[in-house]
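Novice: If it helps, the file is called data22.txt and holds compact mmCIF, C-alpha atoms:
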```txt
# COMPACT_ATOMS: atom_id res chain seq x y z
CA MET X 1 0.00 0.00 0.00
CA LYS X 2 1.10 3.55 -0.71
CA ASN X 3 0.63 6.29 1.84
CA LEU X 4 1.05 10.01 2.34
CA LEU X 5 2.53 9.69 5.80
CA ARG X 6 5.88 11.27 4.98
CA THR X 7 4.25 14.28 3.32
CA LEU X 8 1.71 14.76 6.07
CA ARG X 9 4.41 14.52 8.70
CA ALA X 10 6.67 16.95 6.84
CA ASP X 11 3.80 19.44 6.52
CA ARG X 12 3.61 19.55 10.29
CA ASN X 13 7.38 19.65 10.78
CA TRP X 14 7.29 16.47 12.82
CA SER X 15 10.21 14.11 12.95
CA GLN X 16 9.66 10.36 12.76
CA ALA X 17 10.35 10.25 16.49
CA ASP X 18 7.69 12.92 17.15
CA LEU X 19 5.09 10.99 15.19
CA ALA X 20 6.11 7.75 16.84
CA GLN X 21 5.66 9.30 20.25
CA LYS X 22 2.19 10.60 19.35
CA LEU X 23 1.19 7.15 18.11
CA GLY X 24 2.81 5.24 20.96
CA VAL X 25 4.98 3.13 18.67
CA SER X 26 8.70 2.92 17.91
CA ARG X 27 10.38 5.22 15.41
CA GLN X 28 11.25 2.17 13.33
CA THR X 29 7.53 1.45 12.99
CA VAL X 30 6.93 4.89 11.51
CA ASN X 31 9.89 4.42 9.18
CA ALA X 32 8.59 1.03 8.05
CA ILE X 33 5.11 2.39 7.32
CA GLU X 34 6.43 5.45 5.49
CA THR X 35 8.65 3.37 3.23
CA GLY X 36 5.79 0.97 2.51
CA ARG X 37 7.58 -2.00 4.06
CA PHE X 38 4.92 -2.50 6.68
CA ASP X 39 1.16 -2.06 6.44
CA PRO X 40 -0.36 -0.95 9.71
CA SER X 41 -3.31 -2.71 11.31
CA LEU X 42 -6.73 -1.06 11.32
CA PRO X 43 -6.39 0.29 14.88
CA LEU X 44 -3.09 1.98 14.01
CA ALA X 45 -4.50 3.28 10.70
CA PHE X 46 -7.45 4.79 12.61
CA LYS X 47 -5.02 6.36 15.06
CA LEU X 48 -3.16 7.96 12.14
CA ALA X 49 -6.41 9.15 10.61
CA ARG X 50 -7.48 10.74 13.88
CA LEU X 51 -4.08 12.34 14.38
CA PHE X 52 -4.01 13.91 10.90
CA GLU X 53 -7.77 14.52 10.91
CA LEU X 54 -8.14 12.86 7.53
CA PRO X 55 -10.06 9.79 6.31
CA ILE X 56 -8.04 6.58 6.20
CA GLU X 57 -8.50 6.31 2.43
CA THR X 58 -6.90 9.72 1.98
CA ILE X 59 -3.77 8.65 3.84
CA PHE X 60 -3.56 5.15 2.39
CA SER X 61 -4.18 3.99 -1.16
CA GLU X 62 -3.60 0.78 -3.12
CA MET E 63 10.47 5.51 21.71
CA THR E 64 13.54 3.81 20.29
CA LEU E 65 14.97 0.44 21.08
CA CYS E 66 18.33 1.51 22.47
CA ARG E 67 18.87 -0.03 25.85
CA LYS E 68 18.43 3.30 27.68
CA ASN E 69 15.15 4.03 25.90
CA MET E 70 13.52 0.64 26.20
CA THR E 71 10.01 0.46 27.55
CA PRO E 72 9.67 -1.08 31.02
CA LEU E 73 8.11 -4.14 29.38
CA GLN E 74 11.06 -4.60 27.02
CA ARG E 75 13.60 -4.07 29.81
CA ARG E 76 11.85 -6.53 32.13
CA SER E 77 11.53 -9.12 29.36
CA LEU E 78 15.23 -8.76 28.52
CA GLN E 79 16.18 -9.26 32.15
CA LEU E 80 13.99 -12.35 32.42
CA MET E 81 15.46 -13.71 29.19
CA GLY E 82 18.98 -13.17 30.58
CA SER E 83 18.08 -15.21 33.64
CA ALA E 84 16.64 -17.91 31.38
CA LEU E 85 19.97 -18.11 29.52
CA ILE E 86 21.93 -18.42 32.78
CA PHE E 87 19.39 -20.95 34.04
CA THR E 88 19.97 -23.00 30.87
CA VAL E 89 23.70 -23.19 31.52
CA LEU E 90 23.20 -24.03 35.20
CA THR E 91 20.80 -26.86 34.50
CA ASN E 92 23.04 -28.31 31.82
CA LEU E 93 24.13 -31.09 34.16
CA THR E 94 24.88 -33.73 31.58
CA THR E 95 28.17 -32.29 30.34
CA PRO E 96 30.78 -32.39 33.11
CA ASN E 97 33.35 -30.90 30.71
CA LEU E 98 31.49 -27.59 30.59
CA PRO E 99 31.95 -25.15 33.50
CA ASN E 100 28.95 -25.34 35.78
CA PRO E 101 28.81 -23.59 39.17
CA LEU E 102 26.25 -26.09 40.44
CA LEU E 103 28.72 -28.93 39.91
CA ASP E 104 31.41 -26.91 41.73
CA MET E 105 29.09 -26.32 44.66
CA PHE E 106 27.92 -29.91 44.78
CA PRO E 107 30.81 -32.15 43.69
CA GLY E 108 28.76 -35.23 44.49
CA LEU E 109 26.42 -34.28 41.67
CA SER E 110 29.09 -34.77 39.01
CA LYS E 111 29.74 -38.30 40.28
CA LEU E 112 26.06 -39.06 40.06
CA ILE E 113 25.59 -37.83 36.53
CA ALA E 114 29.03 -38.30 35.05
CA HIS E 115 28.49 -41.32 32.87
CA ASN E 116 26.27 -44.27 32.25
CA GLY E 117 26.35 -45.15 35.91
CA LEU E 118 23.10 -43.36 36.49
CA SER E 119 21.60 -45.42 39.22
CA SER E 120 17.91 -44.96 38.73
CA GLY E 121 15.36 -44.05 36.14
CA LEU E 122 13.96 -41.56 38.60
CA LEU E 123 17.24 -39.63 38.64
CA VAL E 124 17.45 -39.62 34.84
CA GLY E 125 13.86 -38.41 34.65
CA THR E 126 14.51 -35.69 37.21
CA LEU E 127 17.61 -34.44 35.38
CA SER E 128 15.80 -34.30 32.07
CA ALA E 129 12.85 -32.50 33.68
CA ILE E 130 15.20 -29.93 35.22
CA SER E 131 16.77 -29.20 31.83
CA VAL E 132 13.33 -28.46 30.39
CA LEU E 133 12.52 -25.77 32.96
CA PRO E 134 14.66 -22.93 31.52
CA VAL E 135 13.32 -23.60 28.03
CA LEU E 136 9.72 -23.43 29.25
CA PHE E 137 10.57 -20.33 31.24
CA ALA E 138 12.08 -18.63 28.16
CA VAL E 139 9.05 -19.52 26.04
CA TRP E 140 6.80 -18.09 28.75
CA VAL E 141 8.85 -14.86 28.79
CA VAL E 142 8.55 -14.44 25.00
CA GLY E 143 4.84 -15.29 25.02
CA ARG E 144 4.22 -12.80 27.80
CA TYR E 145 6.18 -10.14 25.91
CA LEU E 146 4.40 -10.73 22.60
CA LYS E 147 1.04 -10.58 24.32
CA ALA E 148 1.81 -7.30 26.07
CA GLU E 149 3.85 -5.47 23.39
CA PRO E 150 1.61 -2.68 22.04
CA ASP E 151 3.76 -2.01 18.95
CA GLU E 152 2.55 -4.37 16.22
CA PHE E 153 5.60 -3.80 14.01
CA ILE E 154 8.01 -4.73 16.80
CA ARG E 155 5.89 -7.81 17.49
CA ALA E 156 6.22 -8.83 13.83
CA LEU E 157 9.99 -8.28 13.97
CA VAL E 158 10.31 -10.41 17.11
CA VAL E 159 8.41 -13.25 15.45
CA ARG E 160 10.64 -12.97 12.36
CA ALA E 161 13.73 -12.98 14.59
CA LEU E 162 12.44 -16.11 16.35
CA LEU E 163 12.21 -17.84 12.97
CA TRP E 164 15.79 -16.82 12.21
CA GLY E 165 16.86 -18.15 15.61
CA PHE E 166 15.16 -21.44 14.80
CA ALA E 167 16.89 -21.59 11.42
CA VAL E 168 20.34 -20.89 12.89
CA THR E 169 19.83 -23.51 15.59
CA MET E 170 18.76 -26.14 13.08
CA ALA E 171 21.70 -25.28 10.82
CA GLY E 172 24.10 -25.39 13.79
CA ASP E 173 22.69 -28.76 14.83
CA ALA E 174 23.11 -30.14 11.33
CA ILE E 175 26.75 -29.03 11.17
CA ILE E 176 27.54 -30.31 14.66
CA GLY E 177 25.80 -33.58 13.86
CA VAL E 178 28.15 -34.13 10.93
CA LEU E 179 31.20 -33.19 13.03
CA VAL E 180 30.18 -35.52 15.87
CA ASN E 181 29.74 -38.40 13.45
CA PHE E 182 32.99 -37.60 11.68
CA TYR E 183 35.23 -37.14 14.75
CA LEU E 184 33.28 -39.47 17.01
CA ARG E 185 33.40 -37.13 19.96
CA PRO E 186 30.81 -34.79 21.49
CA PHE E 187 30.81 -31.03 20.87
CA PRO E 188 29.46 -28.76 23.60
CA LEU E 189 27.41 -26.68 21.17
CA THR E 190 24.86 -29.45 20.74
CA LEU E 191 24.08 -29.32 24.43
CA LEU E 192 23.35 -25.61 24.51
CA ASN E 193 20.71 -25.49 21.82
CA ALA E 194 18.47 -23.23 23.86
CA ASP E 195 21.17 -20.62 24.36
CA LEU E 196 22.17 -20.79 20.70
CA PHE E 197 18.53 -20.25 19.75
CA TRP E 198 17.94 -17.23 21.99
CA VAL E 199 21.27 -15.56 21.22
CA SER E 200 20.82 -15.95 17.46
CA THR E 201 17.25 -14.65 17.82
CA ALA E 202 18.54 -11.56 19.62
CA ILE E 203 21.20 -10.96 16.95
CA ALA E 204 18.64 -11.43 14.16
CA PHE E 205 16.33 -8.93 15.87
CA ARG E 206 19.05 -6.29 16.14
CA LEU E 207 20.14 -6.79 12.52
CA THR E 208 16.57 -6.59 11.21
CA LEU E 209 15.88 -3.50 13.26
CA ARG E 210 18.94 -1.77 11.81
CA SER E 211 17.42 -1.89 8.34
CA TYR E 212 14.59 0.40 9.55
CA ARG E 213 16.80 3.19 10.89
```
Now that the file is in, can you turn its structure into structure tokens?
Specialist:
Amino acid sequence: MKNLLRTLRADRNWSQADLAQKLGVSRQTVNAIETGRFDPSLPLAFKLARLFELPIETIFSE
Amino acid sequence: MTLCRKNMTPLQRRSLQLMGSALIFTVLTNLTTPNLPNPLLDMFPGLSKLIAHNGLSSGLLVGTLSAISVLPVLFAVWVVGRYLKAEPDEFIRALVVRALLWGFAVTMAGDAIIGVLVNFYLRPFPLTLLNADLFWVSTAIAFRLTLRSYR
């Protein structure tokens, strides 16, 4: 899956560590999602959607 | 939250400590190889006479020794199960499972190599008797190496 995580994070001037802290995951998890090497579960995707105040389908696409 | 030792979560730190004790426990309960250093055998010299060779006097003693050697393995499995159940980070959970598979692969490969050497030289090699430690150490190394690729 592709995602806009890197762009959305950069727009807010957040580092990977900042985003990781807000999500309660490790920085490596954020890195893995951003690079498309790991697809998050639904609960984590919802967390991201809530954090960026965007629908899940806007952040993630096939 | 990173996975450097100083920034580990309390759960990760506690699990690592428990795993360390499981590794030590494995060495201590490895009573069937008198050639390997074992503090228990130093403390109780009579023990080495009991278990040294084929002179094991009773089936009960053999059964007890084998049951003791299982305890650290069960303990280590319990520690990992407890960790996987409690770890909130799904990606780290997936990495740990992948590392466990690598640990299994390394142990099997090590066993295969040692098996050939034992048959070839007709003498025992200590590595075969520390399978559990080999498994957990190679799992830990695999985890660190995998994690590095996500820096």
Novice: Distance CA of Leu207 in chain E-CA of Lys22 in chain X, one decimal place?
Specialist: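 Between CA of Leu207 in chain E and CA of Lys22 in chain X the gap is 25.9 Å.
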Novice: Quick one: pull the distance between CA of Arg37 in chain X and CA of Glu152 in chain E, Å, one decimal.
Specialist: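 Between CA of Arg37 in chain X and CA of Glu152 in chain E the gap is 13.4 Å.
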Novice: Show which residues sit within 8 Å of Phe60 in chain X, as a list in words. Count all atoms listed in the file, and ignore same-chain residues fewer than 3 positions away.
Specialist: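 My reading of the contact set: Met1, Lys2, Asn3, Leu4, Ile56 and Glu57 of chain X.
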Novice: Select, from X:Ala20, X:Leu54, X:Ile59, X:Ala45, the residue with the minimum atom-to-atom distance to Leu5 in chain X, counting only C-alpha atoms.
Specialist: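 Smallest distance to Leu5 in chain X is found for X:Ile59.
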Novice: Write out as a list in words the residues lying within 9 Å of range 203-206 of chain E, counting only C-alpha atoms and excluding same-chain residues fewer than 3 positions away.
Specialist: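 Answer for this query is Leu157, Val158, Arg160, Ala161, Leu162, Trp164, Gly165, Trp198, Val199, Ser200, Leu209 and Arg210 of chain E.
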Novice: So what do you get for CA of Gln16 in chain X versus CA of Val30 in chain X, distance-wise?
Specialist: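 Straight-line distance from CA of Gln16 in chain X to CA of Val30 in chain X works out to 6.2 Å.
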Novice: Quick check: residues of chain E within 10 Å of chain X, only C-alpha atoms, returned as a VMD selection string.
Specialist: chain E and resid 63 to 65 70 149 to 154 156 209 to 213
Novice: Any chance you could model N, CA and C atoms for range 136-160 of chain E and send them as a PDB file, in the coordinates of the input?
Specialist:
```pdb
ATOM      1  N   LEU E 136      11.123 -23.813  29.038  1.00  0.00           N
ATOM      2  CA  LEU E 136       9.720 -23.430  29.250  1.00  0.00           C
ATOM      3  C   LEU E 136       9.630 -22.003  29.784  1.00  0.00           C
ATOM      4  N   PHE E 137      10.561 -21.677  30.666  1.00  0.00           N
ATOM      5  CA  PHE E 137      10.570 -20.330  31.240  1.00  0.00           C
ATOM      6  C   PHE E 137      10.799 -19.290  30.137  1.00  0.00           C
ATOM      7  N   ALA E 138      11.774 -19.569  29.252  1.00  0.00           N
ATOM      8  CA  ALA E 138      12.080 -18.630  28.160  1.00  0.00           C
ATOM      9  C   ALA E 138      10.887 -18.477  27.217  1.00  0.00           C
ATOM     10  N   VAL E 139      10.235 -19.584  26.917  1.00  0.00           N
ATOM     11  CA  VAL E 139       9.050 -19.520  26.040  1.00  0.00           C
ATOM     12  C   VAL E 139       7.950 -18.696  26.699  1.00  0.00           C
ATOM     13  N   TRP E 140       7.805 -18.874  28.004  1.00  0.00           N
ATOM     14  CA  TRP E 140       6.800 -18.090  28.750  1.00  0.00           C
ATOM     15  C   TRP E 140       7.133 -16.607  28.686  1.00  0.00           C
ATOM     16  N   VAL E 141       8.428 -16.269  28.833  1.00  0.00           N
ATOM     17  CA  VAL E 141       8.850 -14.860  28.790  1.00  0.00           C
ATOM     18  C   VAL E 141       8.499 -14.243  27.436  1.00  0.00           C
ATOM     19  N   VAL E 142       8.824 -14.969  26.353  1.00  0.00           N
ATOM     20  CA  VAL E 142       8.550 -14.440  25.000  1.00  0.00           C
ATOM     21  C   VAL E 142       7.040 -14.324  24.774  1.00  0.00           C
ATOM     22  N   GLY E 143       6.295 -15.324  25.184  1.00  0.00           N
ATOM     23  CA  GLY E 143       4.840 -15.290  25.020  1.00  0.00           C
ATOM     24  C   GLY E 143       4.231 -14.120  25.771  1.00  0.00           C
ATOM     25  N   ARG E 144       4.710 -13.905  26.966  1.00  0.00           N
ATOM     26  CA  ARG E 144       4.220 -12.800  27.800  1.00  0.00           C
ATOM     27  C   ARG E 144       4.550 -11.468  27.126  1.00  0.00           C
ATOM     28  N   TYR E 145       5.762 -11.381  26.578  1.00  0.00           N
ATOM     29  CA  TYR E 145       6.180 -10.140  25.910  1.00  0.00           C
ATOM     30  C   TYR E 145       5.318  -9.872  24.667  1.00  0.00           C
ATOM     31  N   LEU E 146       5.164 -10.909  23.840  1.00  0.00           N
ATOM     32  CA  LEU E 146       4.400 -10.730  22.600  1.00  0.00           C
ATOM     33  C   LEU E 146       2.949 -10.340  22.887  1.00  0.00           C
ATOM     34  N   LYS E 147       2.421 -10.880  23.966  1.00  0.00           N
ATOM     35  CA  LYS E 147       1.040 -10.580  24.320  1.00  0.00           C
ATOM     36  C   LYS E 147       0.894  -9.128  24.779  1.00  0.00           C
ATOM     37  N   ALA E 148       1.921  -8.632  25.464  1.00  0.00           N
ATOM     38  CA  ALA E 148       1.810  -7.300  26.070  1.00  0.00           C
ATOM     39  C   ALA E 148       2.372  -6.182  25.201  1.00  0.00           C
ATOM     40  N   GLU E 149       3.219  -6.512  24.213  1.00  0.00           N
ATOM     41  CA  GLU E 149       3.850  -5.470  23.390  1.00  0.00           C
ATOM     42  C   GLU E 149       2.784  -4.732  22.563  1.00  0.00           C
ATOM     43  N   PRO E 150       2.650  -3.412  22.778  1.00  0.00           N
ATOM     44  CA  PRO E 150       1.610  -2.680  22.040  1.00  0.00           C
ATOM     45  C   PRO E 150       2.003  -2.355  20.599  1.00  0.00           C
ATOM     46  N   ASP E 151       3.300  -2.391  20.295  1.00  0.00           N
ATOM     47  CA  ASP E 151       3.760  -2.010  18.950  1.00  0.00           C
ATOM     48  C   ASP E 151       3.717  -3.223  18.015  1.00  0.00           C
ATOM     49  N   GLU E 152       2.763  -3.198  17.091  1.00  0.00           N
ATOM     50  CA  GLU E 152       2.550  -4.370  16.220  1.00  0.00           C
ATOM     51  C   GLU E 152       3.752  -4.665  15.320  1.00  0.00           C
ATOM     52  N   PHE E 153       4.448  -3.605  14.886  1.00  0.00           N
ATOM     53  CA  PHE E 153       5.600  -3.800  14.010  1.00  0.00           C
ATOM     54  C   PHE E 153       6.730  -4.511  14.763  1.00  0.00           C
ATOM     55  N   ILE E 154       6.974  -4.084  15.988  1.00  0.00           N
ATOM     56  CA  ILE E 154       8.010  -4.730  16.800  1.00  0.00           C
ATOM     57  C   ILE E 154       7.636  -6.183  17.064  1.00  0.00           C
ATOM     58  N   ARG E 155       6.351  -6.418  17.300  1.00  0.00           N
ATOM     59  CA  ARG E 155       5.890  -7.810  17.490  1.00  0.00           C
ATOM     60  C   ARG E 155       6.224  -8.651  16.269  1.00  0.00           C
ATOM     61  N   ALA E 156       5.943  -8.087  15.076  1.00  0.00           N
ATOM     62  CA  ALA E 156       6.220  -8.830  13.830  1.00  0.00           C
ATOM     63  C   ALA E 156       7.719  -9.090  13.684  1.00  0.00           C
ATOM     64  N   LEU E 157       8.536  -8.097  14.068  1.00  0.00           N
ATOM     65  CA  LEU E 157       9.990  -8.280  13.970  1.00  0.00           C
ATOM     66  C   LEU E 157      10.484  -9.367  14.921  1.00  0.00           C
ATOM     67  N   VAL E 158       9.893  -9.394  16.127  1.00  0.00           N
ATOM     68  CA  VAL E 158      10.310 -10.410  17.110  1.00  0.00           C
ATOM     69  C   VAL E 158       9.981 -11.807  16.574  1.00  0.00           C
ATOM     70  N   VAL E 159       8.791 -11.949  15.990  1.00  0.00           N
ATOM     71  CA  VAL E 159       8.410 -13.250  15.450  1.00  0.00           C
ATOM     72  C   VAL E 159       9.358 -13.665  14.314  1.00  0.00           C
ATOM     73  N   ARG E 160       9.704 -12.673  13.454  1.00  0.00           N
ATOM     74  CA  ARG E 160      10.640 -12.970  12.360  1.00  0.00           C
ATOM     75  C   ARG E 160      12.014 -13.377  12.914  1.00  0.00           C
TER      76      ARG E 160
END
```
